[in-house]
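Shown next: my_file-v8.txt, containing compact mmCIF, C-alpha atoms and all ligand atoms.
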```
# COMPACT_ATOMS: atom_id res chain seq x y z
CA MET A 1 -68.45 74.79 -52.54
CA LYS A 2 -68.24 72.56 -55.59
CA VAL A 3 -65.68 73.40 -58.19
CA SER A 4 -65.74 72.14 -61.75
CA ASN A 5 -63.24 69.82 -63.39
CA GLU A 6 -61.81 70.76 -66.74
CA GLU A 7 -60.38 68.14 -69.03
CA ILE A 8 -57.32 69.35 -70.86
CA LEU A 9 -56.15 68.17 -74.23
CA LEU A 10 -52.49 67.86 -75.10
CA PRO A 11 -50.80 65.74 -77.77
CA LEU A 12 -48.73 64.00 -75.07
CA LEU A 13 -51.88 62.80 -73.30
CA GLU A 14 -53.29 61.42 -76.50
CA THR A 15 -50.04 59.64 -77.37
CA LYS A 16 -49.83 58.04 -73.94
CA GLY A 17 -53.52 57.18 -73.75
CA VAL A 18 -54.18 58.93 -70.44
CA THR A 19 -56.72 61.60 -69.61
CA LEU A 20 -56.06 64.60 -67.39
CA SER A 21 -58.70 66.73 -65.72
CA ILE A 22 -57.97 69.73 -63.55
CA LYS A 23 -60.08 70.70 -60.59
CA ARG A 24 -60.16 74.48 -60.75
CA GLU A 25 -59.89 75.34 -57.07
CA ASP A 26 -58.03 78.43 -58.25
CA THR A 27 -61.39 79.83 -59.34
CA ILE A 28 -62.80 79.93 -55.79
CA HIS A 29 -61.43 83.41 -55.14
CA PRO A 30 -58.44 85.48 -56.29
CA LEU A 31 -57.07 85.85 -52.75
CA ILE A 32 -58.51 83.03 -50.67
CA SER A 33 -57.92 80.65 -53.47
CA GLY A 34 -57.89 76.93 -53.62
CA ASN A 35 -56.75 75.02 -50.65
CA LYS A 36 -56.29 78.06 -48.42
CA TYR A 37 -60.03 78.64 -48.49
CA ARG A 38 -60.61 74.97 -47.66
CA LYS A 39 -58.10 75.08 -44.82
CA LEU A 40 -59.53 78.21 -43.24
CA LYS A 41 -63.20 77.29 -43.46
CA TYR A 42 -63.65 75.17 -40.31
CA ASN A 43 -60.99 77.09 -38.43
CA LEU A 44 -63.03 80.27 -38.87
CA THR A 45 -66.11 78.45 -37.59
CA ARG A 46 -64.15 77.24 -34.57
CA ALA A 47 -62.67 80.68 -33.88
CA THR A 48 -66.15 82.20 -34.00
CA ALA A 49 -67.54 79.51 -31.70
CA GLN A 50 -64.72 80.26 -29.25
CA GLU A 51 -65.61 83.94 -29.44
CA GLN A 52 -62.08 84.79 -30.49
CA THR A 53 -61.58 88.24 -31.93
CA GLY A 54 -58.33 87.67 -33.77
CA LEU A 55 -56.35 85.23 -35.86
CA LEU A 56 -52.60 84.86 -35.59
CA THR A 57 -50.52 82.94 -38.05
CA PHE A 58 -47.08 82.48 -39.58
CA GLY A 59 -45.55 82.66 -43.01
CA GLY A 60 -42.93 83.85 -45.42
CA ALA A 61 -43.02 86.92 -47.62
CA TYR A 62 -44.90 85.30 -50.50
CA SER A 63 -47.19 83.10 -48.46
CA ASN A 64 -50.61 82.41 -49.95
CA HIS A 65 -51.73 81.48 -46.46
CA ILE A 66 -50.80 84.94 -45.12
CA ALA A 67 -52.71 86.61 -47.96
CA ALA A 68 -55.73 84.36 -47.43
CA THR A 69 -55.79 84.76 -43.64
CA ALA A 70 -55.66 88.55 -43.92
CA TYR A 71 -58.52 88.61 -46.37
CA ALA A 72 -60.65 86.06 -44.53
CA GLY A 73 -60.05 87.89 -41.25
CA LYS A 74 -61.30 91.12 -42.70
CA LEU A 75 -64.30 89.42 -44.28
CA HIS A 76 -65.33 87.69 -41.07
CA GLY A 77 -64.49 90.48 -38.64
CA PHE A 78 -61.29 89.14 -37.05
CA GLU A 79 -58.17 91.12 -36.34
CA THR A 80 -55.17 89.41 -37.91
CA VAL A 81 -51.51 89.18 -36.96
CA GLY A 82 -48.93 87.70 -39.29
CA VAL A 83 -45.64 86.52 -37.84
CA ILE A 84 -43.39 86.94 -40.86
CA ARG A 85 -40.09 85.15 -41.45
CA GLY A 86 -37.30 87.63 -42.22
CA GLU A 87 -36.44 90.64 -40.09
CA GLU A 88 -35.02 92.39 -43.14
CA LEU A 89 -38.57 92.85 -44.45
CA LYS A 90 -39.43 95.19 -41.61
CA ASN A 91 -38.47 98.27 -43.59
CA LYS A 92 -39.37 97.09 -47.04
CA TRP A 93 -42.52 95.02 -46.73
CA SER A 94 -44.37 97.57 -48.83
CA GLN A 95 -42.34 96.48 -51.85
CA ASN A 96 -43.71 92.98 -51.48
CA PRO A 97 -47.09 92.53 -53.22
CA THR A 98 -48.30 89.73 -50.91
CA LEU A 99 -47.52 91.64 -47.73
CA ARG A 100 -48.93 94.85 -49.16
CA LEU A 101 -52.17 93.08 -49.90
CA ALA A 102 -52.29 91.54 -46.43
CA LYS A 103 -51.70 94.96 -44.88
CA GLU A 104 -54.50 96.45 -46.98
CA HIS A 105 -56.78 93.88 -45.42
CA GLY A 106 -55.73 94.96 -41.96
CA MET A 107 -53.06 92.46 -41.00
CA GLN A 108 -50.48 93.56 -38.43
CA PHE A 109 -47.00 92.17 -38.99
CA TYR A 110 -44.50 90.88 -36.52
CA PHE A 111 -41.21 90.40 -38.35
CA VAL A 112 -38.81 87.90 -36.84
CA SER A 113 -35.39 86.55 -37.72
CA ARG A 114 -35.15 83.17 -39.37
CA GLU A 115 -33.84 81.75 -36.14
CA ALA A 116 -36.70 83.11 -34.06
CA TYR A 117 -39.09 81.84 -36.71
CA ARG A 118 -37.68 78.33 -36.42
CA ASN A 119 -38.40 78.53 -32.70
CA ARG A 120 -41.97 79.73 -33.21
CA ASN A 121 -43.48 76.68 -31.53
CA THR A 122 -41.50 77.02 -28.30
CA LEU A 123 -43.18 78.12 -25.12
CA ALA A 124 -40.90 81.17 -24.84
CA PHE A 125 -41.92 82.44 -28.25
CA LYS A 126 -45.60 81.77 -27.63
CA THR A 127 -45.42 83.64 -24.34
CA ARG A 128 -43.84 86.60 -26.09
CA LEU A 129 -46.59 86.66 -28.69
CA LYS A 130 -49.30 86.42 -26.10
CA LYS A 131 -47.82 89.29 -24.12
CA GLN A 132 -47.73 91.45 -27.20
CA TYR A 133 -51.03 90.54 -28.85
CA GLY A 134 -53.20 88.93 -26.20
CA ASP A 135 -55.45 85.98 -27.00
CA PHE A 136 -55.61 84.97 -30.61
CA TYR A 137 -56.83 81.94 -32.48
CA VAL A 138 -53.57 80.50 -33.72
CA LEU A 139 -53.24 78.92 -37.15
CA PRO A 140 -50.00 77.08 -37.83
CA GLU A 141 -47.70 77.92 -40.74
CA GLY A 142 -49.37 76.89 -43.98
CA GLY A 143 -52.65 76.59 -42.07
CA THR A 144 -52.54 72.83 -41.59
CA ASN A 145 -54.31 71.29 -38.61
CA THR A 146 -57.12 68.77 -38.15
CA LEU A 147 -59.82 71.27 -39.13
CA ALA A 148 -57.85 72.30 -42.21
CA VAL A 149 -57.62 68.69 -43.33
CA LYS A 150 -61.36 68.33 -42.79
CA GLY A 151 -61.91 71.33 -45.07
CA CYS A 152 -59.65 69.82 -47.73
CA GLU A 153 -61.70 66.63 -47.68
CA GLU A 154 -64.41 68.70 -49.37
CA ILE A 155 -62.26 69.27 -52.45
CA LEU A 156 -63.44 65.93 -53.78
CA ASN A 157 -67.08 65.17 -54.48
CA ASP A 158 -69.03 62.04 -55.45
CA GLN A 159 -68.41 62.48 -59.15
CA ASP A 160 -64.66 62.34 -58.61
CA GLY A 161 -64.82 58.71 -57.55
CA GLY A 162 -64.30 57.64 -61.15
CA PHE A 163 -60.72 58.89 -61.47
CA ASP A 164 -57.89 56.41 -61.04
CA VAL A 165 -55.31 58.88 -59.79
CA ILE A 166 -55.57 62.16 -57.89
CA CYS A 167 -52.60 64.53 -57.80
CA CYS A 168 -51.78 67.65 -55.85
CA SER A 169 -48.90 69.87 -54.88
CA VAL A 170 -47.56 69.48 -51.34
CA GLY A 171 -46.33 72.15 -48.93
CA THR A 172 -47.25 70.94 -45.46
CA GLY A 173 -49.27 68.00 -46.78
CA GLY A 174 -52.59 69.05 -45.29
CA THR A 175 -54.24 69.17 -48.68
CA LEU A 176 -52.89 65.76 -49.63
CA ALA A 177 -54.17 64.29 -46.35
CA GLY A 178 -57.64 65.70 -47.02
CA LEU A 179 -57.66 64.22 -50.51
CA VAL A 180 -56.55 60.84 -49.17
CA ASN A 181 -59.31 60.83 -46.57
CA ALA A 182 -61.92 61.70 -49.18
CA SER A 183 -60.60 59.33 -51.85
CA ARG A 184 -61.96 55.87 -52.59
CA SER A 185 -59.66 53.03 -51.70
CA HIS A 186 -59.21 52.05 -55.37
CA GLN A 187 -57.82 55.51 -56.12
CA ARG A 188 -54.15 56.43 -55.83
CA VAL A 189 -53.26 59.86 -54.47
CA LEU A 190 -49.92 61.34 -55.54
CA GLY A 191 -48.39 64.35 -53.81
CA PHE A 192 -45.69 66.44 -55.48
CA PRO A 193 -43.68 68.25 -52.77
CA ALA A 194 -42.75 71.83 -53.60
CA LEU A 195 -39.90 71.62 -51.12
CA LYS A 196 -37.17 69.28 -49.93
CA GLY A 197 -37.57 67.29 -46.77
CA ASP A 198 -38.33 63.90 -45.31
CA PHE A 199 -40.36 65.38 -42.48
CA LEU A 200 -43.38 65.47 -44.78
CA LEU A 201 -44.05 61.75 -44.65
CA ASN A 202 -44.55 61.75 -40.90
CA ASP A 203 -46.59 64.95 -40.96
CA ILE A 204 -48.93 63.48 -43.54
CA ARG A 205 -49.27 60.19 -41.68
CA LYS A 206 -50.61 62.16 -38.72
CA PHE A 207 -53.61 63.27 -40.75
CA ALA A 208 -54.12 60.71 -43.52
CA GLN A 209 -56.51 57.92 -42.62
CA LYS A 210 -55.59 55.60 -45.50
CA ASP A 211 -52.34 54.62 -47.15
CA ASN A 212 -53.28 54.80 -50.83
CA TRP A 213 -50.89 57.71 -51.29
CA GLN A 214 -47.31 58.37 -52.25
CA LEU A 215 -44.96 61.34 -52.55
CA ILE A 216 -43.20 62.07 -55.83
CA SER A 217 -40.14 63.92 -54.60
CA ASP A 218 -38.22 64.56 -57.81
CA TYR A 219 -39.77 67.87 -58.80
CA HIS A 220 -39.05 70.38 -56.03
CA PHE A 221 -36.51 72.27 -58.20
CA GLY A 222 -34.09 72.68 -55.31
CA GLY A 223 -36.51 73.65 -52.57
CA TYR A 224 -39.33 75.89 -51.50
CA ALA A 225 -39.81 78.89 -53.82
CA LYS A 226 -36.73 77.85 -55.82
CA VAL A 227 -37.48 78.29 -59.51
CA ASN A 228 -35.51 78.29 -62.72
CA ALA A 229 -36.00 79.38 -66.32
CA GLU A 230 -37.18 75.94 -67.40
CA LEU A 231 -40.01 75.98 -64.87
CA VAL A 232 -41.10 79.47 -65.89
CA HIS A 233 -41.04 78.49 -69.56
CA PHE A 234 -43.04 75.39 -68.76
CA SER A 235 -45.68 77.40 -66.87
CA ASN A 236 -45.98 79.91 -69.70
CA ASP A 237 -46.19 77.18 -72.29
CA PHE A 238 -48.84 75.34 -70.27
CA LYS A 239 -50.90 78.49 -70.12
CA GLU A 240 -50.60 79.04 -73.83
CA LYS A 241 -51.78 75.53 -74.60
CA THR A 242 -54.51 75.15 -71.98
CA THR A 243 -55.31 78.78 -71.00
CA ILE A 244 -54.78 77.72 -67.37
CA GLN A 245 -52.51 79.97 -65.33
CA LEU A 246 -49.96 78.30 -63.06
CA GLU A 247 -47.58 79.79 -60.50
CA PRO A 248 -44.11 78.29 -60.18
CA ILE A 249 -43.98 77.68 -56.41
CA TYR A 250 -46.61 74.93 -56.27
CA THR A 251 -48.77 74.24 -59.29
CA GLY A 252 -46.01 74.80 -61.85
CA LYS A 253 -43.94 72.08 -60.18
CA LEU A 254 -46.95 69.79 -59.93
CA PHE A 255 -47.84 69.94 -63.61
CA TYR A 256 -44.21 69.87 -64.72
CA GLY A 257 -43.74 66.69 -62.71
CA LEU A 258 -47.01 65.13 -63.72
CA LEU A 259 -46.46 65.64 -67.45
CA ASP A 260 -42.89 64.38 -67.08
CA LEU A 261 -44.15 61.19 -65.40
CA ILE A 262 -46.72 60.74 -68.14
CA SER A 263 -44.02 61.12 -70.79
CA LYS A 264 -41.97 58.45 -69.00
CA ASP A 265 -44.88 55.97 -69.01
CA PHE A 266 -45.34 56.09 -65.24
CA PHE A 267 -49.08 55.54 -65.80
CA ASP A 268 -50.74 52.66 -67.66
CA ARG A 269 -52.69 53.45 -70.81
CA GLY A 270 -56.28 54.22 -69.96
CA THR A 271 -55.45 55.89 -66.63
CA SER A 272 -57.68 58.82 -65.75
CA ILE A 273 -55.98 61.50 -63.69
CA LEU A 274 -57.47 64.35 -61.70
CA ALA A 275 -55.00 67.07 -60.71
CA ILE A 276 -55.98 69.73 -58.20
CA HIS A 277 -55.18 73.33 -59.10
CA THR A 278 -54.69 74.63 -55.58
CA GLY A 279 -54.62 78.30 -56.61
CA GLY A 280 -51.92 80.60 -55.27
CA LEU A 281 -52.06 82.96 -58.20
CA GLN A 282 -51.79 86.03 -55.97
CA GLY A 283 -48.12 85.14 -55.58
CA ILE A 284 -47.24 85.69 -59.21
CA LYS A 285 -46.63 89.43 -58.89
CA GLY A 286 -44.10 88.91 -56.15
CA MET A 287 -42.53 86.03 -57.99
CA ASN A 288 -42.11 88.15 -61.10
CA GLN A 289 -40.30 90.81 -59.04
CA LEU A 290 -37.94 88.12 -57.83
CA LEU A 291 -37.44 86.67 -61.30
CA LYS A 292 -36.68 90.09 -62.70
CA LYS A 293 -34.04 90.67 -60.05
CA LYS A 294 -32.42 87.39 -60.99
CA ASN A 295 -32.59 88.12 -64.70
CA LEU A 296 -34.82 85.12 -65.26
CA PRO A 297 -37.79 85.03 -67.66
CA LEU A 298 -41.09 86.27 -66.22
CA LEU A 299 -44.45 84.58 -65.96
CA ASN A 300 -47.01 85.68 -68.48
CA ILE A 301 -50.22 86.80 -66.85
C1 LIG A 401 -50.28 76.28 -49.64
C2 LIG A 401 -50.36 75.76 -51.01
C3 LIG A 401 -50.11 74.41 -51.31
C4 LIG A 401 -49.66 73.42 -50.29
O1 LIG A 401 -50.70 72.97 -49.48
P1 LIG A 401 -50.41 72.07 -48.22
O2 LIG A 401 -51.73 71.73 -47.69
O3 LIG A 401 -49.61 72.93 -47.27
O4 LIG A 401 -49.61 70.91 -48.66
C5 LIG A 401 -50.27 74.00 -52.61
N1 LIG A 401 -50.62 74.86 -53.59
C6 LIG A 401 -50.83 76.16 -53.35
C7 LIG A 401 -51.17 77.05 -54.47
C8 LIG A 401 -50.71 76.65 -52.06
O5 LIG A 401 -50.92 77.95 -51.82
```
As structure tokens, please, write out the structure in this file.
Ligand SMILES: *Cc1c(COP(=O)(O)O)cnc(C)c1O
Amino acid sequence: MKVSNEEILLPLLETKGVTLSIKREDTIHPLISGNKYRKLKYNLTRATAQEQTGLLTFGGAYSNHIAATAYAGKLHGFETVGVIRGEELKNKWSQNPTLRLAKEHGMQFYFVSREAYRNRNTLAFKTRLKKQYGDFYVLPEGGTNTLAVKGCEEILNDQDGGFDVICCSVGTGGTLAGLVNASRSHQRVLGFPALKGDFLLNDIRKFAQKDNWQLISDYHFGGYAKVNAELVHFSNDFKEKTTIQLEPIYTGKLFYGLLDLISKDFFDRGTSILAIHTGGLQGIKGMNQLLKKKNLPLLNI
């Protein structure tokens, strides 16, 4: 699937003499959007080849990966199980738009405490899952594995070789690794982590075949799914000026950071930048519920 690039025009870009194009991976599908489609693609092929009947995966309450896996499972005839972080959701998952959507697409939930979730890769936990659900094709949290990275390599196509810099948001780093592998060696790939943590570097090194990449770690806004009024205002303002919808967990932080770097002359004049819109827009409803509870401004949709 080839997705178009859209050049955006902003006074800041003109002043600084850089160009910014956005690859609209968010247009792939409203639910299996952006990188989650890319990450699932070859895993679904593998699961089919293995004659598996179900997919099992892990995620939090707003996870785009959970939403995408549920939908893709239904579409391709797999049962799906979501191991969800947060026991407290057991009785109120139906208030959560992401989980409601996943359930509508047939996903069964297994709610676990944060502690149990942290131990999800232990043998004891795996044995418990297997006892309860039988054999499933297991996708890791965030969907990143070798096949997911291979899928993300397809985000870039031949025409993208002309850009100097490629940027994306980073959760597990699978998307970044795919972009690095598909990039030309003269290109620089910048990842903007949406969360705090040094573990990312090593995770990405496992999958990235080149070292023309770097993490920009100053724009996580306090951690995963942490947002503030400034970020919401930025996302709304960006939409008003470009008509492109962002969500604050990943792409809002990416574009906030990228435009901030541009304003601080991080890039030479004449630099052409391609930023990947990795999608995730299904999460906005849930995010707005959260923002409302915290008396913060809401995202315009
Ligand atoms: C999952 C996700 C990411 C992070 O992708 P990784 O491959 O885990 O780094 C970025 N943007 C959006 C919208 C996502 O849903």
* To do: Measuring atom to atom with all atoms listed in the file, identify which of A:Val149, A:Ile8, A:Leu291, A:Val189 is nearest to ligand LIG 401 (chain A).
  =>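 Distance minimum relative to ligand LIG 401 (chain A) lands on A:Val149.
Close contacts of Glu79 (chain A), defined as residues with an atom at most 9 Å away when counting only C-alpha atoms, with chain neighbours fewer than 4 positions off set aside, comprise Thr53, Gly54, Leu55, Leu56, Ala70, Gly73, Lys74, Gly106, Met107, Gln108 and Phe136 of chain A.
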* **Coordinates-based distance that separates CA of Lys285 (chain A) from CA of Glu25 (chain A) (Å, one decimal)** =>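 Distance reported for this atom pair: 19.4 Å.
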* What residues have any atom no more than 6 Å from ligand LIG 401 (chain A) when counting only C-alpha atoms and all ligand atoms, and can you list them as a list in words? ->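 What falls inside 6 Å of ligand LIG 401 (chain A) is Asn64, Gly142, Ser169, Val170, Gly171, Thr172, Gly173, Gly174, Thr175, Tyr250, Thr278, Gly279 and Gly280 of chain A.
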* **Option closest in space to Ala208 (chain A), from A:Gly86, A:Gly178, A:Gly222, A:Gly161 [counting only C-alpha atoms]** =>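 Result for the nearest residue to Ala208 (chain A): A:Gly178.
Straight-line separation from CA of Ser235 (chain A) to CA of Gly252 (chain A): 5.7 Å.
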